[in-house]
Amino acid sequence: MRWLQNHPKTLESMYGSTKWLIKKMGPMFEKIGNEKVDRWFRKPEEWSKQAMFDCQMCGQCVLHSTGMTCPMTCPKNLRNGPCGGVRQNGHCEVKPDMKCIWVEAFERSTQMGTWGADMMMIQPPVNRQLEGSSAWVNMVTGADQDVPTGWIGLNTITVLPKGIDYPTAK
Amino acid sequence: MEKYTSPAKSAGRLEQILKAGHFAVTSELSPPDSADPAEVYEAANILREVSDGINATDGSGAHCHMSSVGICSLLTRADYAPILQISCRDKNRIAIQGDILGAAAMGVMNILCLTGDDVTAGDQPQAKRVFDLDCIQLLRTARIMRDKGVFLSGRELTTPPKVFLGAAANPFIPPKDWRPLRLAKKIEAGADFIQTQYCYDVPMLVEYMKRVRDMGLHEKVFMLIGVGPLRSHRAAEFMRNNVPGVHIPDSIVDRLKKTPKGKKRAEGNKICTEIIQQVREIEGVDGVHLMAYRQEEAVAQIVADAGLLPRPYTVPEMNPMESDYFAMPAIEASMGKYDTMFKAQA
Ligand code: SF4
């Protein structure tokens, strides 16, 4: 299923519809009880996302703003872009046989139609309490959007100056 | 330009020197594998005359040395201007915020926020990697503490740390098109100044700086370009193969290879001096950052050769070890005191 990763546009629309569907199902989750739904969803979510993205179940999915590439597969768990150790061949500092996931994320983000430029978002620190839980349920409850109180109020995206566009692949 | 006129972030010399429009020089102190403060002062006394700020590395290359907070505290006692380096590799957000306050209380006014080399780069690859925050989250956290006067949790600080915030940049590695965008993100997160990775490829830097100027980023942030001498072509090859993120073009390696034995060191220094002179000409470059592991003398020579002396402000040489305030004999004497005390009790 990994070939899908090289079709960021397809993935993006899959993501969009999953999000739409889950949001629609929100009230139903509420009725059944979010905890119960979390238990049901955990495994199927893990399997499908692991097959596609090597998902690490951080519980707060940001795939669409990281070029549909899971940032938690970066050995340093970086969520805001590549480290300073990327090799000249584009491979990872830590795992020389693996392509740096941020090199891939950047390439893919330039091929996305809708959320590509969300790479410029400043991702807040990971809420480690959500690790292992279902990001779908957390999206419905809004738990994945909770940021530390001190974090609130500052810009969450880097705005590019006038006349400069986020790069797109030709 | 915004960067010159923005309100003061710290009371530090580095910020003032940069804002006054001087071409700044910072240098990296090689931390000792020792508990003896004299070794810190020995290196710092050489760098003192030739730089406006002294970086104290935080386990660079994932090798353990004296801690950055410890070194910075020693340096502020001598009135030198240290730059505290914090890497995300070893500490979680709780430890990091505590260190920022502790360092600021010791008089540290500059902090460089780094991701950090991976544990596998060092001699203790068995260690747990932390990376609780990434460097952009770290920058923002420090900025929140300084500007909003609160911890990440929102809990209030009675006195916020007044610090000038730095970040690293590496224009020389993939994904190259992304690098200026990443710089923009770091500025948005809170960076006031940038220190780059070693520059051995000036044309590549020129290209990067052009994109930085196109985005207007040079108006918002002070750019210090990393430079350093190479001892020989072997050292150059070792560095590019083993130090993460260092790019050295073949032309430099070849030039050192062709230099006769015994003259390689001088040639390495000459290359470094030339690079400083070239980067100085690039619009938007505000200074250089010298890194040379355990070669403080070479750094002093290069700064002199590049015509960057005297610095706008130099602190007089001081050895706090000799003052009563911080004397080893006093510590030893007190050790002796307890010794006899406990013996007497037994
Ligand atoms: S090289 Fe890329 S994948 Fe590897 S640690 Fe750095 S950012 Fe992560």
# chains A, B, ... in the order shown; residues from 1 in each chain; ligands from 1
>>> residues_around(residues="stretch 5-22 of chain A", least_positions_apart="2", cutoff="9 Å", atoms="only C-alpha atoms", output="list of chain:residue names")
A:Met1, A:Arg2, A:Trp3, A:Lys24, A:Met25, A:Gly26, A:Met52, A:Phe53, A:Leu63, A:His64, A:Gly67, A:Met68, A:Thr69, A:Arg108, A:Ser109, A:Gln111, A:Met112, A:Gly113, A:Thr114, A:Trp115, A:Trp136, A:Val137, A:Met139, A:Val140
>>> interface_residues(of="chain A", to="chain B", cutoff="7 Å", atoms="only C-alpha atoms", output="JSON, numbers by chain")
{"A": [76, 77, 78, 79, 80, 81, 83, 84, 85, 86, 87, 88, 90, 93, 94, 103, 106, 120, 124, 125, 148, 149, 150, 151, 158, 161]}
>>> residues_around(residues="A:Asp38", least_positions_apart="6", cutoff="10 Å", atoms="only C-alpha atoms", output="list in words")
Phe29, Glu45, Ser133, Ser134, Ala135, Trp136, Val137 and Asn138 of chain A
>>> write_last_selection(atoms="N, CA, C and O atoms", output="short mmCIF file (atom, residue, chain, number, x, y, z; two decimals), in the first residue's frame")
data_model
loop_
_atom_site.label_atom_id
_atom_site.label_comp_id
_atom_site.auth_asym_id
_atom_site.auth_seq_id
_atom_site.Cartn_x
_atom_site.Cartn_y
_atom_site.Cartn_z
N PHE A 29 -20.58 8.97 17.83
CA PHE A 29 -19.53 8.59 18.77
C PHE A 29 -19.92 9.02 20.18
O PHE A 29 -19.79 8.29 21.14
N GLU A 45 -7.59 1.48 12.92
CA GLU A 45 -6.88 2.71 12.52
C GLU A 45 -5.38 2.43 12.42
O GLU A 45 -4.72 2.81 11.47
N SER A 133 -3.64 6.34 21.33
CA SER A 133 -5.10 6.42 21.20
C SER A 133 -5.49 6.75 19.76
O SER A 133 -4.64 7.09 18.94
N SER A 134 -6.78 6.64 19.46
CA SER A 134 -7.23 6.84 18.09
C SER A 134 -7.29 8.32 17.73
O SER A 134 -8.01 9.10 18.35
N ALA A 135 -6.54 8.69 16.71
CA ALA A 135 -6.52 10.09 16.28
C ALA A 135 -7.87 10.49 15.71
O ALA A 135 -8.25 11.65 15.74
N TRP A 136 -8.60 9.49 15.17
CA TRP A 136 -9.93 9.81 14.60
C TRP A 136 -10.87 10.28 15.70
O TRP A 136 -11.57 11.27 15.56
N VAL A 137 -10.86 9.52 16.81
CA VAL A 137 -11.71 9.91 17.93
C VAL A 137 -11.23 11.24 18.50
O VAL A 137 -12.04 12.13 18.81
N ASN A 138 -9.91 11.41 18.61
CA ASN A 138 -9.38 12.66 19.15
C ASN A 138 -9.73 13.86 18.29
O ASN A 138 -9.83 14.98 18.78
#
>>> atom_distance(atom1="atom CA of B:Leu308", atom2="atom CA of B:Gln277")
9.8 Å
>>> residues_around(residues="B:Cys72", least_positions_apart="6", cutoff="9 Å", atoms="only C-alpha atoms", output="VMD selection string")
chain B and resid 54 to 56 80 to 84 103 106 to 108
>>> atom_distance(atom1="atom CA of B:Glu296", atom2="atom CA of B:Pro312")
19.9 Å
>>> select_by_dssp(residues="stretch 14-74 of chain B", states="strand (DSSP E)", output="JSON, numbers by chain")
{"B": [24, 25, 26, 27, 28, 29, 53, 54, 55, 56]}
>>> write_last_selection(atoms="all heavy atoms", output="PDB file, in the first residue's frame")
ATOM      1  N   ALA B  24      29.576  41.019  13.259  1.00  0.00           N
ATOM      2  CA  ALA B  24      29.836  40.322  14.523  1.00  0.00           C
ATOM      3  C   ALA B  24      30.680  39.063  14.346  1.00  0.00           C
ATOM      4  O   ALA B  24      30.718  38.470  13.271  1.00  0.00           O
ATOM      5  CB  ALA B  24      28.513  39.954  15.181  1.00  0.00           C
ATOM      6  N   VAL B  25      31.364  38.697  15.407  1.00  0.00           N
ATOM      7  CA  VAL B  25      32.121  37.453  15.426  1.00  0.00           C
ATOM      8  C   VAL B  25      31.731  36.681  16.684  1.00  0.00           C
ATOM      9  O   VAL B  25      31.799  37.221  17.786  1.00  0.00           O
ATOM     10  CB  VAL B  25      33.645  37.710  15.460  1.00  0.00           C
ATOM     11  CG1 VAL B  25      34.404  36.385  15.484  1.00  0.00           C
ATOM     12  CG2 VAL B  25      34.091  38.551  14.280  1.00  0.00           C
ATOM     13  N   THR B  26      31.296  35.440  16.492  1.00  0.00           N
ATOM     14  CA  THR B  26      31.091  34.580  17.653  1.00  0.00           C
ATOM     15  C   THR B  26      31.984  33.366  17.473  1.00  0.00           C
ATOM     16  O   THR B  26      32.429  33.078  16.365  1.00  0.00           O
ATOM     17  CB  THR B  26      29.626  34.118  17.775  1.00  0.00           C
ATOM     18  OG1 THR B  26      29.242  33.476  16.555  1.00  0.00           O
ATOM     19  CG2 THR B  26      28.686  35.284  18.040  1.00  0.00           C
ATOM     20  N   SER B  27      32.273  32.684  18.569  1.00  0.00           N
ATOM     21  CA  SER B  27      33.130  31.508  18.435  1.00  0.00           C
ATOM     22  C   SER B  27      32.655  30.419  19.382  1.00  0.00           C
ATOM     23  O   SER B  27      31.940  30.680  20.332  1.00  0.00           O
ATOM     24  CB  SER B  27      34.573  31.871  18.726  1.00  0.00           C
ATOM     25  OG  SER B  27      34.655  32.436  20.021  1.00  0.00           O
ATOM     26  N   GLU B  28      33.072  29.214  19.050  1.00  0.00           N
ATOM     27  CA  GLU B  28      32.615  28.069  19.828  1.00  0.00           C
ATOM     28  C   GLU B  28      33.725  27.603  20.760  1.00  0.00           C
ATOM     29  O   GLU B  28      34.864  27.417  20.344  1.00  0.00           O
ATOM     30  CB  GLU B  28      32.249  26.951  18.846  1.00  0.00           C
ATOM     31  CG  GLU B  28      31.572  25.775  19.473  1.00  0.00           C
ATOM     32  CD  GLU B  28      31.117  24.783  18.409  1.00  0.00           C
ATOM     33  OE1 GLU B  28      30.080  25.033  17.760  1.00  0.00           O
ATOM     34  OE2 GLU B  28      31.800  23.765  18.218  1.00  0.00           O
ATOM     35  N   LEU B  29      33.377  27.437  22.011  1.00  0.00           N
ATOM     36  CA  LEU B  29      34.344  26.956  22.990  1.00  0.00           C
ATOM     37  C   LEU B  29      34.236  25.438  23.061  1.00  0.00           C
ATOM     38  O   LEU B  29      33.137  24.892  23.140  1.00  0.00           O
ATOM     39  CB  LEU B  29      34.022  27.566  24.353  1.00  0.00           C
ATOM     40  CG  LEU B  29      34.964  27.287  25.509  1.00  0.00           C
ATOM     41  CD1 LEU B  29      35.175  28.581  26.296  1.00  0.00           C
ATOM     42  CD2 LEU B  29      34.449  26.215  26.442  1.00  0.00           C
ATOM     43  N   GLY B  53      30.722  36.898  21.299  1.00  0.00           N
ATOM     44  CA  GLY B  53      29.907  35.935  22.026  1.00  0.00           C
ATOM     45  C   GLY B  53      30.602  34.591  21.971  1.00  0.00           C
ATOM     46  O   GLY B  53      31.256  34.275  20.978  1.00  0.00           O
ATOM     47  N   ILE B  54      30.498  33.811  23.044  1.00  0.00           N
ATOM     48  CA  ILE B  54      31.152  32.507  23.076  1.00  0.00           C
ATOM     49  C   ILE B  54      30.100  31.416  23.249  1.00  0.00           C
ATOM     50  O   ILE B  54      29.374  31.391  24.236  1.00  0.00           O
ATOM     51  CB  ILE B  54      32.182  32.435  24.227  1.00  0.00           C
ATOM     52  CG1 ILE B  54      33.249  33.521  24.047  1.00  0.00           C
ATOM     53  CG2 ILE B  54      32.811  31.055  24.309  1.00  0.00           C
ATOM     54  CD1 ILE B  54      34.265  33.585  25.177  1.00  0.00           C
ATOM     55  N   ASN B  55      30.014  30.520  22.255  1.00  0.00           N
ATOM     56  CA  ASN B  55      29.039  29.426  22.341  1.00  0.00           C
ATOM     57  C   ASN B  55      29.561  28.306  23.229  1.00  0.00           C
ATOM     58  O   ASN B  55      30.704  27.870  23.065  1.00  0.00           O
ATOM     59  CB  ASN B  55      28.786  28.837  20.951  1.00  0.00           C
ATOM     60  CG  ASN B  55      27.897  29.711  20.112  1.00  0.00           C
ATOM     61  OD1 ASN B  55      28.193  30.880  19.893  1.00  0.00           O
ATOM     62  ND2 ASN B  55      26.794  29.154  19.655  1.00  0.00           N
ATOM     63  N   ALA B  56      28.709  27.855  24.131  1.00  0.00           N
ATOM     64  CA  ALA B  56      29.050  26.676  24.927  1.00  0.00           C
ATOM     65  C   ALA B  56      28.173  25.541  24.438  1.00  0.00           C
ATOM     66  O   ALA B  56      26.953  25.566  24.608  1.00  0.00           O
ATOM     67  CB  ALA B  56      28.808  26.946  26.404  1.00  0.00           C
TER      68      ALA B  56
END
>>> select_by_dssp(residues="stretch 201-280 of chain B", states="helix (DSSP H, G or I)", output="ChimeraX atom specification")
/B:202-214,217-219,233-242,250-258,264-280
>>> atom_distance(atom1="atom CA of A:Thr110", atom2="atom CA of A:Cys61")
19.6 Å
>>> residues_around(residues="stretch 285-290 of chain B", least_positions_apart="2", cutoff="6 Å", atoms="only C-alpha atoms", output="PyMOL selection string")
chain B and resi 23-27+222-228+282-283
